[in-house]
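> Data: query-v5.txt, compact mmCIF, C-alpha atoms.
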```txt
# COMPACT_ATOMS: atom_id res chain seq x y z
CA MET A 1 50.88 12.18 14.82
CA ALA A 2 51.99 10.20 17.86
CA PHE A 3 53.60 6.78 17.98
CA CYS A 4 52.72 4.61 20.97
CA GLN A 5 54.83 1.82 22.50
CA ASN A 6 52.39 -0.89 21.41
CA GLY A 7 52.75 -0.05 17.71
CA GLU A 8 49.69 2.22 17.55
CA ILE A 9 49.66 5.44 15.61
CA ALA A 10 47.42 8.15 17.07
CA GLU A 11 46.62 10.81 14.50
CA ARG A 12 44.56 13.97 14.82
CA PRO A 13 41.63 13.81 12.34
CA LYS A 14 42.28 15.90 9.23
CA TYR A 15 40.56 19.33 9.38
CA ALA A 16 39.57 18.77 13.04
CA PRO A 17 39.10 22.00 14.98
CA ARG A 18 41.77 22.69 17.63
CA SER A 19 39.17 22.17 20.37
CA ASP A 20 38.71 18.49 19.40
CA LYS A 21 41.22 16.42 21.35
CA SER A 22 40.26 13.03 19.83
CA ARG A 23 42.76 10.94 17.91
CA ASN A 24 42.17 8.36 15.18
CA ILE A 25 44.08 5.20 16.20
CA THR A 26 45.70 2.75 13.77
CA ASP A 27 47.70 -0.34 14.66
CA LEU A 28 48.97 -3.39 12.78
CA LYS A 29 45.37 -4.67 12.44
CA GLY A 30 44.04 -1.38 11.02
CA LYS A 31 41.67 1.25 12.40
CA GLN A 32 40.75 0.92 16.08
CA GLY A 33 38.22 2.69 18.29
CA LEU A 34 36.34 5.88 17.47
CA TRP A 35 37.31 7.58 14.21
CA LYS A 36 36.17 11.08 13.36
CA VAL A 37 36.06 12.63 9.89
CA TYR A 38 35.68 16.36 9.24
CA SER A 39 34.88 18.40 6.15
CA TRP A 40 37.42 20.99 5.02
CA GLU A 41 35.14 23.58 6.69
CA ARG A 42 35.90 21.82 10.02
CA ILE A 43 32.38 20.37 10.32
CA LEU A 44 32.16 16.87 11.77
CA ILE A 45 30.73 14.54 9.09
CA SER A 46 31.11 11.11 10.71
CA GLU A 47 31.98 9.27 13.90
CA THR A 48 32.54 5.56 13.38
CA THR A 49 33.77 2.91 15.79
CA TYR A 50 36.21 0.32 14.39
CA LEU A 51 37.63 -2.99 15.55
CA ASN A 52 40.52 -4.33 13.49
CA ASP A 53 39.66 -2.09 10.51
CA ILE A 54 35.99 -3.23 10.48
CA ARG A 55 33.04 -1.07 11.55
CA HIS A 56 31.98 -2.40 14.93
CA GLY A 57 29.89 -0.26 17.27
CA PRO A 58 28.00 3.02 16.98
CA CYS A 59 28.21 5.08 13.79
CA THR A 60 26.85 8.59 13.36
CA LYS A 61 26.93 10.53 10.09
CA TYR A 62 26.28 14.26 9.77
CA PHE A 63 25.32 16.64 6.96
CA SER A 64 28.55 18.33 5.85
CA PHE A 65 26.91 21.71 5.27
CA SER A 66 25.11 21.98 8.63
CA GLY A 67 26.56 19.48 11.07
CA LEU A 68 23.06 18.11 11.81
CA ILE A 69 22.75 14.34 12.26
CA ARG A 70 22.06 12.51 8.99
CA GLU A 71 22.12 8.89 10.17
CA GLU A 72 22.49 6.93 13.42
CA SER A 73 23.28 3.24 13.26
CA ASN A 74 25.19 0.44 14.91
CA TYR A 75 27.51 -2.11 13.33
CA VAL A 76 28.50 -5.62 14.38
CA PHE A 77 31.54 -6.88 12.49
CA GLY A 78 30.90 -4.69 9.44
CA LYS A 79 27.13 -5.15 9.13
CA LYS A 80 24.37 -2.85 10.37
CA ASP A 81 22.77 -4.40 13.42
CA GLY A 82 20.36 -2.78 15.88
CA SER A 83 18.34 0.41 15.85
CA TYR A 84 18.64 2.79 12.90
CA LYS A 85 17.48 6.35 12.27
CA ASN A 86 17.83 8.47 9.15
CA TYR A 87 17.16 12.24 9.17
CA TYR A 88 16.22 14.92 6.67
CA ASN A 89 18.51 17.95 6.35
CA ASN A 90 16.08 19.97 8.51
CA GLY A 91 16.62 17.62 11.49
CA GLN A 92 13.27 15.83 11.08
CA VAL A 93 13.33 12.01 11.25
CA ASN A 94 13.04 10.47 7.76
CA SER A 95 12.84 6.80 8.72
CA GLU A 96 13.54 4.52 11.66
CA GLY A 97 13.71 0.81 12.20
CA THR A 98 15.98 -2.11 13.00
CA TYR A 99 18.73 -3.97 11.19
CA LYS A 100 19.79 -7.53 11.88
CA ASP A 101 22.94 -8.88 10.23
CA GLY A 102 22.91 -6.05 7.65
CA LYS A 103 19.25 -6.45 6.65
CA LYS A 104 16.11 -4.48 7.54
CA THR A 105 13.92 -6.38 9.98
CA ASP A 106 10.87 -5.84 12.18
CA ARG A 107 8.85 -2.59 12.22
CA TRP A 108 9.90 0.40 10.09
CA VAL A 109 8.28 3.83 9.98
CA SER A 110 8.96 6.68 7.53
CA TYR A 111 7.86 10.30 7.91
CA TYR A 112 7.16 13.35 5.74
CA LYS A 113 9.86 16.03 5.76
CA THR A 114 7.74 19.11 6.34
CA SER A 115 4.84 17.87 8.48
CA GLY A 116 6.61 15.10 10.40
CA GLU A 117 3.50 12.93 9.91
CA LYS A 118 3.87 9.22 9.20
CA ARG A 119 4.31 8.41 5.52
CA SER A 120 4.38 4.63 5.85
CA GLU A 121 4.68 1.86 8.42
CA GLY A 122 5.13 -1.86 8.20
CA ASN A 123 7.48 -4.77 8.80
CA TYR A 124 10.53 -6.14 7.06
CA LEU A 125 11.87 -9.66 7.14
CA GLU A 126 15.43 -10.01 5.84
CA ASN A 127 15.27 -6.74 3.87
CA LYS A 128 11.89 -7.48 2.26
CA LYS A 129 8.50 -5.93 3.06
CA THR A 130 6.19 -8.42 4.71
CA GLY A 131 2.76 -8.33 6.36
CA ILE A 132 0.37 -5.37 6.50
CA TRP A 133 1.70 -1.98 5.40
CA ASN A 134 -0.10 1.33 5.85
CA PHE A 135 0.55 4.51 3.83
CA TYR A 136 -0.60 8.03 4.75
CA ASN A 137 -0.86 11.45 3.14
CA SER A 138 1.10 14.42 4.51
CA ARG A 139 -1.72 15.26 6.95
CA GLY A 140 -1.61 11.78 8.51
CA VAL A 141 -4.81 10.56 6.84
CA PRO A 142 -4.72 6.88 5.73
CA ARG A 143 -4.17 6.64 1.98
CA SER A 144 -3.74 2.92 1.33
CA SER A 145 -3.29 -0.35 3.14
CA GLY A 146 -2.50 -3.91 2.18
CA ALA A 147 -0.16 -6.85 2.56
CA TYR A 148 3.29 -7.63 1.24
CA GLN A 149 4.84 -11.03 0.93
CA ASN A 150 8.50 -11.32 -0.02
CA ASP A 151 8.51 -7.60 -1.05
CA LEU A 152 5.51 -8.05 -3.43
CA LYS A 153 1.96 -6.77 -2.96
CA VAL A 154 -0.47 -9.64 -2.30
CA GLY A 155 -4.15 -9.98 -1.56
CA PRO A 156 -6.64 -7.14 -1.14
CA TRP A 157 -5.45 -3.52 -1.05
CA VAL A 158 -7.64 -0.57 -0.11
CA THR A 159 -6.80 2.92 -1.40
CA LEU A 160 -8.62 6.15 -0.65
CA ASP A 161 -8.29 8.64 -3.53
CA SER A 162 -8.46 12.43 -3.22
CA ASP A 163 -12.16 12.47 -4.15
CA GLY A 164 -13.11 10.16 -1.26
CA LYS A 165 -13.54 7.07 -3.42
CA VAL A 166 -12.39 3.76 -2.05
CA ILE A 167 -10.49 1.72 -4.60
CA LEU A 168 -10.36 -1.98 -3.91
CA ALA A 169 -7.61 -3.87 -5.65
CA GLU A 170 -6.43 -7.47 -5.63
CA TYR A 171 -2.77 -8.38 -6.11
CA VAL A 172 -1.22 -11.74 -6.88
CA ASN A 173 2.58 -11.85 -6.54
CA GLY A 174 2.81 -8.10 -7.07
CA VAL A 175 0.57 -8.04 -10.15
CA LEU A 176 -2.73 -6.12 -10.09
CA LYS A 177 -5.61 -8.50 -10.89
CA VAL A 178 -8.82 -6.68 -9.91
CA LYS A 179 -9.48 -2.96 -9.54
CA GLU A 180 -12.93 -1.76 -8.59
CA PRO A 181 -13.68 1.81 -7.40
CA LYS A 182 -16.31 2.16 -4.69
CA ILE A 183 -17.77 5.35 -3.21
CA LEU A 184 -17.11 5.62 0.48
CA PRO A 185 -20.36 6.37 2.38
CA LYS A 186 -18.59 7.64 5.54
CA LYS A 187 -15.06 8.26 6.75
CA ILE A 188 -12.84 5.25 7.38
CA LYS A 189 -12.14 4.91 11.07
```
Transcribe the structure of this file into structure tokens.

Amino acid sequence: MAFCQNGEIAERPKYAPRSDKSRNITDLKGKQGLWKVYSWERILISETTYLNDIRHGPCTKYFSFSGLIREESNYVFGKKDGSYKNYYNNGQVNSEGTYKDGKKTDRWVSYYKTSGEKRSEGNYLENKKTGIWNFYNSRGVPRSSGAYQNDLKVGPWVTLDSDGKVILAEYVNGVLKVKEPKILPKKIK
């Protein structure tokens, strides 16, 4: 631990390996700058930037058993804001999108763990699904598609089952109203 002239305390992160020269800084207003946290096995598990004891800036979290990246995000005065990525424990991207003022917004895409193919894609508005969303099977083949409004399914939804049948459904405020299976004559393009 080191005491600085301006009242700051610079402390080596607990369990940090000797090769890591970074210091966690605290002053009268709380945590400042980049803070690192390690597991007792000396594996880095998070790097978070603080301003006056509030998350403000880049934040990266790691899996404690492997050290692989688990999550990449950015904070503005304590709320997630900006691009975001979440990873599976094998290093494959799980989901990616954007936060604004702590809420999911704009386009989000999620992926399957083993194949890396898209699992779903669509938009959020203030943390709620909105607009057209598409869902896929693990081989990247479209499985279903339809609209959300205020996080509820609305209007027509088309689903392709494993036997090649097209199932047309109608939703009103998230409630299924009409379900009618149809046989698909050719592949959906």
> From the list A:Ile43, A:Val158, A:Ile69, A:Ala10, which residue is nearest A:Ile132 when using all atoms listed in the file?
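Checking each of A:Ile43, A:Val158, A:Ile69, A:Ala10 against A:Ile132, counting all atoms listed in the file, the winner is A:Val158.
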> Please determine, counting only C-alpha atoms, which residue among A:Leu152, A:Leu160, A:Val93, A:Val37 has the shortest atom-to-atom distance to A:Phe135.
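Among A:Leu152, A:Leu160, A:Val93, A:Val37, it is A:Leu160 that comes nearest to A:Phe135.
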> If I take atom CA of A:Lys128 and atom CA of A:Thr105, how far is one from the other in Å, to one decimal?
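Atom-to-atom, atom CA of A:Lys128 and atom CA of A:Thr105 are spaced 8.1 Å apart.
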> Dump as a ChimeraX atom specification all residues having an atom at most 10 Å from (43.6, -0.6, 17.5), computed in the file's coordinates with all atoms listed in the file.
/A:6-10,24-34,50-53
> If I take atom CA of A:Lys153 and atom CA of A:Ser110, how far is one from the other in Å, to one decimal?
18.4 Å
> For A:Asn86, which residue out of A:Lys61, A:Arg107, A:His56, A:Lys177 is the nearest one, using all atoms listed in the file?
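Of A:Lys61, A:Arg107, A:His56, A:Lys177, the one nearest A:Asn86, counting all atoms listed in the file, is A:Lys61.
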> Just how far from atom CA of A:Asn90 is atom CA of A:Glu71, in Å to one decimal?
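One can read the atom CA of A:Glu71 to atom CA of A:Asn90 distance as 12.7 Å.
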> Could you tell me which of A:Val172, A:Val109, A:Val166, A:Val154 comes closest to A:Gly131 if we count only C-alpha atoms?
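Looking only at the distances to A:Gly131, the closest residue turns out to be A:Val154.
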> Give the answer as one residue: which of A:Glu170, A:Glu11, A:Asp161, A:Glu126 has the shortest atom-to-atom distance to A:Lys104, using all atoms listed in the file?
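Result for the nearest residue to A:Lys104: A:Glu126.
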> Compile the contact shell of A:Glu96 as a list in words: residues with an atom at most 6 Å away, counting only C-alpha atoms, same-chain residues fewer than 2 positions apart removed.
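These residues fall inside the cut-off: Tyr84, Lys85, Trp108 and Val109 of chain A.
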> May I have the residues from that selection written out with C-alpha atoms, as an mmCIF file, in the frame of the given file?

```
data_model
loop_
_atom_site.group_PDB
_atom_site.id
_atom_site.type_symbol
_atom_site.label_atom_id
_atom_site.label_comp_id
_atom_site.auth_asym_id
_atom_site.auth_seq_id
_atom_site.Cartn_x
_atom_site.Cartn_y
_atom_site.Cartn_z
ATOM 1 C CA TYR A 84 18.640 2.790 12.900
ATOM 2 C CA LYS A 85 17.480 6.350 12.270
ATOM 3 C CA TRP A 108 9.900 0.400 10.090
ATOM 4 C CA VAL A 109 8.280 3.830 9.980
#
```
